[in-house]
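A.B. asks: The following file, query-v3.cif, comprises mmCIF, C-alpha atoms:
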data_model
loop_
_atom_site.label_atom_id
_atom_site.label_comp_id
_atom_site.auth_asym_id
_atom_site.auth_seq_id
_atom_site.Cartn_x
_atom_site.Cartn_y
_atom_site.Cartn_z
CA MET A 59 0.00 0.00 0.00
CA ALA A 60 1.41 3.37 -1.01
CA VAL A 61 1.59 5.96 1.76
CA PRO A 62 1.64 9.51 0.37
CA ALA A 63 3.96 11.85 2.23
CA ALA A 64 1.83 14.69 3.59
CA ALA A 65 1.66 17.70 1.26
CA MET A 66 4.35 16.43 -1.07
CA GLY A 67 2.62 17.59 -4.27
CA PRO A 68 3.92 20.67 -6.08
CA SER A 69 0.59 22.46 -5.46
CA ALA A 70 1.26 22.41 -1.71
CA LEU A 71 4.47 24.36 -2.14
CA GLY A 72 2.55 27.57 -2.76
CA GLN A 73 0.32 27.23 0.29
CA SER A 74 1.06 28.07 3.89
CA GLY A 75 -1.91 26.65 5.80
CA PRO A 76 -1.60 23.83 8.36
CA GLY A 77 -0.26 20.67 6.73
CA SER A 78 1.30 22.55 3.84
CA MET A 79 5.00 22.38 3.08
CA ALA A 80 5.72 25.99 4.06
CA HIS A 81 3.92 25.60 7.40
CA TRP A 82 5.54 22.24 8.00
CA CYS A 83 9.06 23.45 7.35
CA SER A 84 8.86 26.40 9.72
CA MET A 85 7.19 25.11 12.85
CA SER A 86 10.01 25.34 15.39
CA SER A 87 10.27 28.24 17.79
CA GLY A 88 13.79 29.56 18.29
CA PRO A 89 17.02 27.54 18.25
CA THR A 90 17.36 24.64 20.67
CA ARG A 91 20.16 24.30 23.20
CA TYR A 92 21.76 21.67 20.95
CA VAL A 93 21.76 24.01 17.93
CA LEU A 94 23.24 26.88 19.96
CA GLY A 95 25.93 24.57 21.37
CA MET A 96 26.89 23.19 17.96
CA GLN A 97 26.89 26.65 16.37
CA GLU A 98 29.23 27.81 19.13
CA LEU A 99 31.49 24.81 18.40
CA PHE A 100 31.49 25.43 14.63
CA ARG A 101 32.26 29.12 15.09
CA GLY A 102 35.63 27.98 16.44
CA HIS A 103 35.83 24.96 14.09
CA SER A 104 34.64 26.30 10.75
CA LYS A 105 37.79 25.54 8.80
CA THR A 106 37.67 23.30 5.71
CA ARG A 107 40.93 21.74 4.52
CA GLU A 108 41.58 20.05 1.19
CA PHE A 109 43.69 16.94 0.75
CA PRO A 110 44.93 15.68 -2.64
CA ALA A 111 43.47 12.22 -3.23
CA HIS A 112 42.95 11.43 -6.91
CA SER A 113 43.70 12.56 -10.45
CA ALA A 114 39.98 12.88 -11.30
CA LYS A 115 36.72 13.65 -9.54
CA VAL A 116 35.93 11.89 -6.29
CA HIS A 117 32.56 10.10 -6.31
CA SER A 118 32.38 8.66 -2.80
CA VAL A 119 33.88 9.14 0.67
CA ALA A 120 33.31 6.94 3.73
CA TRP A 121 34.76 6.52 7.24
CA SER A 122 35.83 3.23 8.79
CA CYS A 123 33.67 2.22 11.78
CA ASP A 124 36.36 3.32 14.27
CA GLY A 125 36.82 6.67 12.52
CA ARG A 126 40.57 6.18 12.08
CA ARG A 127 40.46 6.03 8.29
CA LEU A 128 38.67 7.76 5.43
CA ALA A 129 38.35 6.04 2.04
CA SER A 130 37.59 7.76 -1.25
CA GLY A 131 36.65 6.33 -4.64
CA ALA A 132 37.10 8.22 -7.88
CA PHE A 133 36.72 8.48 -11.62
CA ASP A 134 40.45 7.70 -11.94
CA LYS A 135 39.61 3.99 -11.26
CA THR A 136 41.26 3.97 -7.82
CA ALA A 137 40.41 4.14 -4.15
CA SER A 138 42.49 6.08 -1.63
CA VAL A 139 42.69 5.62 2.12
CA PHE A 140 43.71 8.35 4.58
CA LEU A 141 44.56 8.15 8.26
CA LEU A 142 42.98 10.83 10.44
CA GLU A 143 45.70 12.44 12.52
CA LYS A 144 44.74 15.22 14.93
CA ASP A 145 43.51 17.88 12.49
CA ARG A 146 44.48 16.46 9.13
CA LEU A 147 44.18 13.51 6.78
CA VAL A 148 47.41 11.73 5.89
CA LYS A 149 47.32 9.59 2.76
CA GLU A 150 48.10 5.99 3.63
CA ASN A 151 47.57 4.18 0.35
CA ASN A 152 46.12 4.19 -3.15
CA TYR A 153 44.29 1.05 -4.24
CA ARG A 154 44.54 0.11 -7.91
CA GLY A 155 42.96 -2.76 -9.81
CA HIS A 156 39.59 -1.61 -11.11
CA GLY A 157 39.31 -1.13 -14.86
CA ASP A 158 36.73 1.64 -14.66
CA SER A 159 35.46 4.40 -12.39
CA VAL A 160 34.98 3.61 -8.68
CA ASP A 161 31.46 4.94 -8.18
CA GLN A 162 30.76 4.01 -4.57
CA LEU A 163 32.48 2.37 -1.64
CA CYS A 164 31.69 1.42 1.93
CA TRP A 165 33.40 -0.10 4.95
CA HIS A 166 32.60 -3.26 6.86
CA PRO A 167 30.18 -2.19 9.64
CA SER A 168 32.30 -3.56 12.50
CA ASN A 169 35.73 -4.48 11.06
CA PRO A 170 37.71 -1.23 10.56
CA ASP A 171 40.20 -2.90 8.18
CA LEU A 172 37.89 -3.96 5.34
CA PHE A 173 36.19 -1.89 2.67
CA VAL A 174 34.49 -2.69 -0.63
CA THR A 175 34.38 -0.77 -3.90
CA ALA A 176 31.82 -0.85 -6.73
CA SER A 177 33.00 -0.11 -10.25
CA GLY A 178 31.76 0.25 -13.79
CA ASP A 179 34.15 -2.59 -14.72
CA LYS A 180 31.47 -5.15 -13.67
CA THR A 181 33.30 -6.16 -10.49
CA ILE A 182 33.32 -5.33 -6.84
CA ARG A 183 36.56 -5.56 -4.88
CA ILE A 184 37.09 -6.13 -1.17
CA TRP A 185 40.28 -4.56 0.23
CA ASP A 186 42.18 -5.00 3.49
CA VAL A 187 44.10 -1.97 4.77
CA ARG A 188 46.48 -4.19 6.79
CA THR A 189 47.91 -5.88 3.71
CA THR A 190 46.88 -3.06 1.30
CA LYS A 191 45.78 -5.82 -1.04
CA CYS A 192 42.58 -6.75 -2.79
CA ILE A 193 41.40 -9.85 -0.93
CA ALA A 194 38.54 -10.62 -3.32
CA THR A 195 37.31 -9.63 -6.76
CA VAL A 196 33.71 -10.60 -7.41
CA ASN A 197 32.45 -10.55 -10.99
CA THR A 198 28.94 -9.18 -11.43
CA LYS A 199 26.59 -8.92 -14.39
CA GLY A 200 26.61 -5.20 -15.04
CA GLU A 201 28.22 -1.83 -14.46
CA ASN A 202 28.01 -1.29 -10.72
CA ILE A 203 26.94 2.07 -9.34
CA ASN A 204 25.88 1.54 -5.72
CA ILE A 205 26.93 -0.69 -2.87
CA CYS A 206 26.24 -1.27 0.82
CA TRP A 207 27.35 -3.70 3.51
CA SER A 208 24.71 -5.27 5.76
CA PRO A 209 24.80 -4.20 9.44
CA ASP A 210 25.63 -7.77 10.51
CA GLY A 211 28.63 -7.79 8.15
CA GLN A 212 27.54 -10.96 6.36
CA THR A 213 26.28 -9.61 3.04
CA ILE A 214 27.24 -7.01 0.46
CA ALA A 215 24.52 -5.67 -1.84
CA VAL A 216 25.51 -4.13 -5.15
CA GLY A 217 23.28 -2.40 -7.70
CA ASN A 218 24.07 -1.93 -11.37
CA LYS A 219 22.98 0.33 -14.23
CA ASP A 220 20.45 -2.29 -15.37
CA ASP A 221 18.60 -2.12 -12.02
CA VAL A 222 19.78 -5.53 -10.86
CA VAL A 223 20.74 -5.83 -7.18
CA THR A 224 23.05 -8.74 -6.30
CA PHE A 225 23.48 -9.98 -2.74
CA ILE A 226 26.99 -11.35 -2.15
CA ASP A 227 28.16 -13.46 0.79
CA ALA A 228 30.95 -11.42 2.39
CA LYS A 229 32.86 -14.55 3.47
CA THR A 230 32.57 -16.87 0.44
CA HIS A 231 32.31 -13.98 -2.07
CA ARG A 232 29.57 -15.86 -3.90
CA SER A 233 26.22 -14.47 -5.00
CA LYS A 234 23.39 -15.46 -2.63
CA ALA A 235 20.52 -13.80 -4.46
CA GLU A 236 19.80 -11.53 -7.37
CA GLU A 237 16.81 -9.27 -7.98
CA GLN A 238 15.89 -7.55 -11.25
CA PHE A 239 13.72 -4.49 -10.63
CA LYS A 240 11.27 -2.95 -13.08
CA PHE A 241 12.14 0.57 -11.98
CA GLU A 242 15.25 2.74 -11.87
CA VAL A 243 17.13 1.79 -8.67
CA ASN A 244 19.07 4.71 -7.24
CA GLU A 245 20.42 3.97 -3.77
CA ILE A 246 20.12 0.87 -1.60
CA SER A 247 20.38 0.24 2.14
CA TRP A 248 19.49 -2.18 4.87
CA ASN A 249 17.74 -0.86 7.96
CA ASN A 250 19.83 -0.98 11.15
CA ASP A 251 18.05 -4.15 12.32
CA ASN A 252 19.15 -5.97 9.15
CA ASN A 253 15.64 -7.35 8.53
CA MET A 254 14.49 -4.97 5.78
CA PHE A 255 16.08 -3.77 2.56
CA PHE A 256 15.29 -0.32 1.15
CA LEU A 257 15.64 1.01 -2.41
CA THR A 258 15.01 4.53 -3.67
CA ASN A 259 13.71 4.70 -7.20
CA GLY A 260 13.26 6.90 -10.25
CA ASN A 261 9.52 7.26 -9.68
CA GLY A 262 9.99 8.99 -6.33
CA CYS A 263 9.20 5.86 -4.31
CA ILE A 264 10.93 4.02 -1.50
CA ASN A 265 10.56 0.27 -1.99
CA ILE A 266 10.92 -1.86 1.11
CA LEU A 267 11.64 -5.61 0.99
CA SER A 268 11.83 -8.10 3.83
CA TYR A 269 15.30 -9.51 4.38
CA PRO A 270 16.54 -12.17 3.71
CA GLU A 271 13.28 -13.24 1.99
CA LEU A 272 13.30 -10.20 -0.36
CA LYS A 273 9.51 -10.08 -0.43
CA PRO A 274 7.86 -6.67 -1.01
CA VAL A 275 6.71 -5.14 2.29
CA GLN A 276 5.71 -1.65 1.24
CA SER A 277 6.15 1.00 -1.41
CA ILE A 278 6.07 4.58 -0.16
CA ASN A 279 5.38 7.53 -2.47
CA ALA A 280 8.08 9.70 -0.96
CA HIS A 281 8.56 12.45 -3.54
CA PRO A 282 6.86 13.74 -6.68
CA SER A 283 10.10 13.19 -8.60
CA ASN A 284 13.16 10.93 -8.71
CA CYS A 285 14.15 9.73 -5.21
CA ILE A 286 17.94 9.73 -5.29
CA CYS A 287 19.54 8.87 -1.95
CA ILE A 288 18.73 7.25 1.40
CA LYS A 289 20.51 7.09 4.76
CA PHE A 290 19.61 5.61 8.16
CA ASP A 291 20.47 7.44 11.35
CA PRO A 292 22.86 5.57 13.69
CA MET A 293 20.28 5.59 16.50
CA GLY A 294 17.75 3.65 14.42
CA LYS A 295 15.00 6.23 14.86
CA TYR A 296 14.86 7.84 11.41
CA PHE A 297 15.92 7.49 7.84
CA ALA A 298 16.22 10.34 5.34
CA THR A 299 15.72 10.49 1.59
CA GLY A 300 16.85 13.13 -0.87
CA SER A 301 15.24 13.75 -4.21
CA ALA A 302 15.32 15.58 -7.52
CA ASP A 303 12.70 18.03 -6.18
CA ALA A 304 15.51 19.44 -3.94
CA LEU A 305 13.76 18.25 -0.78
CA VAL A 306 15.11 16.06 2.00
CA SER A 307 12.44 14.13 3.86
CA LEU A 308 12.86 12.54 7.27
CA TRP A 309 10.98 9.31 8.03
CA ASP A 310 10.11 7.49 11.22
CA VAL A 311 11.64 4.00 10.90
CA ASP A 312 8.90 2.21 12.85
CA GLU A 313 5.85 4.04 11.53
CA LEU A 314 7.18 4.59 7.98
CA VAL A 315 5.67 8.09 7.95
CA CYS A 316 7.32 11.34 6.96
CA VAL A 317 7.92 13.46 10.07
CA ARG A 318 9.45 16.56 8.52
CA CYS A 319 11.20 17.96 5.49
CA PHE A 320 14.18 20.18 4.84
CA SER A 321 13.89 22.58 1.93
CA ARG A 322 16.93 24.86 1.90
CA LEU A 323 18.59 23.35 -1.19
CA ASP A 324 17.52 24.40 -4.70
CA TRP A 325 19.01 21.50 -6.70
CA PRO A 326 18.49 17.71 -6.67
CA VAL A 327 19.77 16.22 -3.41
CA ARG A 328 22.64 13.88 -4.26
CA THR A 329 24.02 12.87 -0.90
CA LEU A 330 23.09 12.69 2.80
CA SER A 331 24.79 11.83 6.08
CA PHE A 332 23.67 11.69 9.72
CA SER A 333 26.11 12.70 12.47
CA HIS A 334 27.28 10.05 14.95
CA ASP A 335 24.70 11.11 17.56
CA GLY A 336 21.88 11.17 14.99
CA LYS A 337 21.19 14.84 15.74
CA MET A 338 22.57 16.51 12.59
CA LEU A 339 21.83 15.80 8.94
CA ALA A 340 24.12 17.02 6.18
CA SER A 341 22.65 17.24 2.68
CA ALA A 342 24.25 18.41 -0.55
CA SER A 343 23.56 19.01 -4.21
CA GLU A 344 24.71 21.30 -7.00
CA ASP A 345 24.11 24.21 -4.62
CA HIS A 346 27.40 25.75 -3.56
CA PHE A 347 26.88 24.91 0.10
CA ILE A 348 26.25 21.84 2.23
CA ASP A 349 23.20 22.22 4.48
CA ILE A 350 23.58 21.03 8.07
CA ALA A 351 20.22 20.71 9.80
CA GLU A 352 19.14 19.78 13.29
CA VAL A 353 17.24 16.54 12.80
CA GLU A 354 14.59 17.06 15.50
CA THR A 355 13.45 20.50 14.31
CA GLY A 356 14.63 20.76 10.71
CA ASP A 357 16.30 24.05 11.67
CA LYS A 358 19.42 25.20 9.87
CA LEU A 359 22.40 24.62 12.13
CA TRP A 360 25.22 25.58 9.76
CA GLU A 361 26.18 25.68 6.12
CA VAL A 362 29.51 24.67 4.64
CA GLN A 363 30.52 26.76 1.64
CA CYS A 364 31.80 25.03 -1.52
CA GLU A 365 32.82 26.34 -4.92
CA SER A 366 31.15 23.61 -6.96
CA PRO A 367 28.55 20.80 -6.79
CA THR A 368 29.06 18.26 -4.01
CA PHE A 369 29.00 14.55 -4.86
CA THR A 370 29.36 12.93 -1.46
CA VAL A 371 29.26 13.76 2.27
CA ALA A 372 30.10 11.64 5.33
CA TRP A 373 30.08 12.56 9.02
CA HIS A 374 32.82 11.05 11.16
CA PRO A 375 31.46 8.16 13.34
CA LYS A 376 32.57 9.78 16.62
CA ARG A 377 33.26 13.49 16.09
CA PRO A 378 31.61 16.51 14.43
CA LEU A 379 33.89 16.30 11.38
CA LEU A 380 32.38 16.19 7.88
CA ALA A 381 34.27 14.68 4.95
CA PHE A 382 33.06 15.63 1.48
CA ALA A 383 34.12 15.89 -2.17
CA CYS A 384 33.09 18.33 -4.87
CA ASP A 385 33.36 18.69 -8.63
CA ASP A 386 36.38 20.94 -8.23
CA LYS A 387 38.63 22.03 -11.04
CA ASP A 388 42.36 22.54 -10.64
CA GLY A 389 42.32 26.21 -11.59
CA LYS A 390 46.03 26.87 -11.15
CA TYR A 391 47.15 25.34 -14.42
CA ASP A 392 44.12 24.12 -16.33
CA SER A 393 40.56 25.13 -15.49
CA SER A 394 39.13 21.97 -17.09
CA ARG A 395 41.31 19.55 -15.12
CA GLU A 396 39.58 17.86 -12.22
CA ALA A 397 41.18 18.44 -8.83
CA GLY A 398 40.31 15.10 -7.19
CA THR A 399 40.52 16.41 -3.63
CA VAL A 400 38.87 15.20 -0.44
CA LYS A 401 37.77 17.88 2.05
CA LEU A 402 37.30 17.97 5.79
CA PHE A 403 35.06 20.49 7.59
CA GLY A 404 34.94 21.05 11.33
CA LEU A 405 38.63 21.69 11.96
CA PRO A 406 39.79 24.31 14.48
CA ASN A 407 40.10 27.76 12.91
CA ASP A 408 43.68 28.05 14.16
CA SER A 409 44.79 24.63 12.83
#
Any chance you could give the structure as structure tokens?

C.D. replies:
Amino acid sequence: MAVPAAAMGPSALGQSGPGSMAHWCSMSSGPTRYVLGMQELFRGHSKTREFPAHSAKVHSVAWSCDGRRLASGAFDKTASVFLLEKDRLVKENNYRGHGDSVDQLCWHPSNPDLFVTASGDKTIRIWDVRTTKCIATVNTKGENINICWSPDGQTIAVGNKDDVVTFIDAKTHRSKAEEQFKFEVNEISWNNDNNMFFLTNGNGCINILSYPELKPVQSINAHPSNCICIKFDPMGKYFATGSADALVSLWDVDELVCVRCFSRLDWPVRTLSFSHDGKMLASASEDHFIDIAEVETGDKLWEVQCESPTFTVAWHPKRPLLAFACDDKDGKYDSSREAGTVKLFGLPNDS
């Protein structure tokens, strides 16, 4: 059964009565103590530093579960791993082997040494930072564009350009199941309990399957246009979706209802990340800033300035540090050359 998100139609955008988008997005009264505290912190930690990572644009950044390492995947067919030292990222290694762009990567949920990359070369690769080697290459049927690791660490799901999602056993590296979808699959994710599997699709819906049975549970009409990205908050209370209508919507995990929306971006929302305490949500697009909202109110907490569209954002798993990557050009020598840098926001102003 489809559950329409309240007042999601374009007609509601022009209204301001109860239940309308404008009313809904402006209901809080004055900043909360949390917002004031974080704004005070960011006033002293508003520095963004850039770190050279790749020779072409960076598509994906992700932190290891212990927060000691940041991985990045790029159009130059490689992954890079950095160590976080005090107030900077120090490049540890570059991981080569893919024959095409590395579009997305993620870390094992509880082992801080393993990460997996999805590539257009029709493979996924699992890497171990201790040996700096690829410990498994798994051949898949199509050009891979999205990937996630199940919360229990046992399964890797990978989606390709033909809307096929393959479920791979993380230990044997063999395919356990494969699902062909009749809609455009954008981003995929398990819920934190590992018993449901979520897909955002090109029709603006969130499709929910039971796991491991992969039987349809529900389809939610989340947005009037393409639903692009999805993220679950670490506390297991909410998940958020971002869409081509430039809105971010926040959903109650248990009730599967939309509780509020964030509407400060003007361009399609490409990427989302919840902070470690589940209280902040970063969202980004082709707008030249990253919006940081307080989850409980939807209020603007901060914005991080950028010079170009942002492809990927990731909050550190323990600290208020935000890693991100933009479509930056290396203006010094050649304005068309991609810079391939990874950025870190939340550093002390005097660092």

A.B. asks: Need to verify the contact set: A:Pro326, 9 Å, only C-alpha atoms, exclusion of same-chain residues closer than 3 positions in sequence. Can you return it as a ChimeraX atom specification?

C.D. replies: /A:284,286,300-305,323,342-345

A.B. asks: What does the PyMOL selection byres ((chain A and resi 161) around 10) select in this file, as a ChimeraX atom specification?

C.D. replies: /A:116-118,130-133,135-137,158-160,162-163,175-178,201-205

A.B. asks: Which residues, written as a list in words, have at least one atom at most 10 Å from A:Leu147, with all atoms listed in the file counted and residues fewer than 2 positions away on the same chain left out?

C.D. replies: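 Selected residues are Arg107, Glu108, Phe109, Pro110, Arg126, Arg127, Leu128, Val139, Phe140, Leu141, Leu142, Glu143, Lys144, Asp145, Lys149, Glu150, Val400, Lys401 and Leu402 of chain A.
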
A.B. asks: Restricting the output to C-alpha atoms, write the selected residues as a tab-separated table (two decimals), in the frame of the given file.

C.D. replies:
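Contents of part-v4.tsv, freshly written:
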chain	number	residue	atom	x	y	z
A	107	ARG	CA	40.93	21.74	4.52
A	108	GLU	CA	41.58	20.05	1.19
A	109	PHE	CA	43.69	16.94	0.75
A	110	PRO	CA	44.93	15.68	-2.64
A	126	ARG	CA	40.57	6.18	12.08
A	127	ARG	CA	40.46	6.03	8.29
A	128	LEU	CA	38.67	7.76	5.43
A	139	VAL	CA	42.69	5.62	2.12
A	140	PHE	CA	43.71	8.35	4.58
A	141	LEU	CA	44.56	8.15	8.26
A	142	LEU	CA	42.98	10.83	10.44
A	143	GLU	CA	45.70	12.44	12.52
A	144	LYS	CA	44.74	15.22	14.93
A	145	ASP	CA	43.51	17.88	12.49
A	149	LYS	CA	47.32	9.59	2.76
A	150	GLU	CA	48.10	5.99	3.63
A	400	VAL	CA	38.87	15.20	-0.44
A	401	LYS	CA	37.77	17.88	2.05
A	402	LEU	CA	37.30	17.97	5.79

A.B. asks: Spell out the residues picked by the PyMOL selection byres ((chain A and resi 233) around 12) here, as a PDB file with C-alpha atoms, in the frame of the given file.

C.D. replies:
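Below is the file that was written, out.pdb:
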ATOM      1  CA  ILE A 182      33.320  -5.330  -6.840  1.00  0.00           C
ATOM      2  CA  VAL A 196      33.710 -10.600  -7.410  1.00  0.00           C
ATOM      3  CA  ASN A 197      32.450 -10.550 -10.990  1.00  0.00           C
ATOM      4  CA  THR A 198      28.940  -9.180 -11.430  1.00  0.00           C
ATOM      5  CA  LYS A 199      26.590  -8.920 -14.390  1.00  0.00           C
ATOM      6  CA  GLN A 212      27.540 -10.960   6.360  1.00  0.00           C
ATOM      7  CA  THR A 213      26.280  -9.610   3.040  1.00  0.00           C
ATOM      8  CA  ILE A 214      27.240  -7.010   0.460  1.00  0.00           C
ATOM      9  CA  ALA A 215      24.520  -5.670  -1.840  1.00  0.00           C
ATOM     10  CA  VAL A 216      25.510  -4.130  -5.150  1.00  0.00           C
ATOM     11  CA  VAL A 223      20.740  -5.830  -7.180  1.00  0.00           C
ATOM     12  CA  THR A 224      23.050  -8.740  -6.300  1.00  0.00           C
ATOM     13  CA  PHE A 225      23.480  -9.980  -2.740  1.00  0.00           C
ATOM     14  CA  ILE A 226      26.990 -11.350  -2.150  1.00  0.00           C
ATOM     15  CA  ASP A 227      28.160 -13.460   0.790  1.00  0.00           C
ATOM     16  CA  ALA A 228      30.950 -11.420   2.390  1.00  0.00           C
ATOM     17  CA  LYS A 229      32.860 -14.550   3.470  1.00  0.00           C
ATOM     18  CA  THR A 230      32.570 -16.870   0.440  1.00  0.00           C
ATOM     19  CA  HIS A 231      32.310 -13.980  -2.070  1.00  0.00           C
ATOM     20  CA  ARG A 232      29.570 -15.860  -3.900  1.00  0.00           C
ATOM     21  CA  LYS A 234      23.390 -15.460  -2.630  1.00  0.00           C
ATOM     22  CA  ALA A 235      20.520 -13.800  -4.460  1.00  0.00           C
ATOM     23  CA  GLU A 236      19.800 -11.530  -7.370  1.00  0.00           C
ATOM     24  CA  GLU A 237      16.810  -9.270  -7.980  1.00  0.00           C
TER      25      GLU A 237
END

A.B. asks: Got a sec to check which residues sit within 6 Å of (23.1, -3.3, 9.6), counting all atoms listed in the file, and write them as a ChimeraX atom specification?

C.D. replies: /A:208-210,250-252

A.B. asks: Out of A:Phe241, A:Tyr269, A:Trp207, A:Phe173, which residue has the shortest atom-to-atom distance to A:Asn253 when counting only C-alpha atoms?

C.D. replies: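 So, comparing all the options, the nearest one is A:Tyr269.
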
A.B. asks: Going by the chain IDs and residue numbers used in this file, which residues fall under the PyMOL selection byres ((chain A and resi 405) around 10)? Write them as a VMD selection string.

C.D. replies: chain A and resid 100 102 to 107 144 to 146 378 to 380 402 to 404 406 to 409

A.B. asks: Which residues, written as a PyMOL selection string, have at least one atom at most 6 Å from A:Met338, with all atoms listed in the file counted and residues fewer than 4 positions away on the same chain left out?

C.D. replies: chain A and resi 332-333+351-353

A.B. asks: Atom CA of A:Ala383 to atom CA of A:Val306: how many Å, to one decimal?

C.D. replies: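 Going from atom CA of A:Ala383 over to atom CA of A:Val306, I get 19.5 Å.
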
A.B. asks: Report, in Å to a single decimal, how far apart atom CA of A:His334 and atom CA of A:Trp373 are.

C.D. replies: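 Interatomic distance, atom CA of A:Trp373 to atom CA of A:His334: 7.0 Å.
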
A.B. asks: If you measure from atom CA of A:Trp309 to atom CA of A:Phe297, what distance in Å do you get, rounded to one decimal?

C.D. replies: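 According to the coordinates, atom CA of A:Trp309 and atom CA of A:Phe297 are separated by 5.3 Å.
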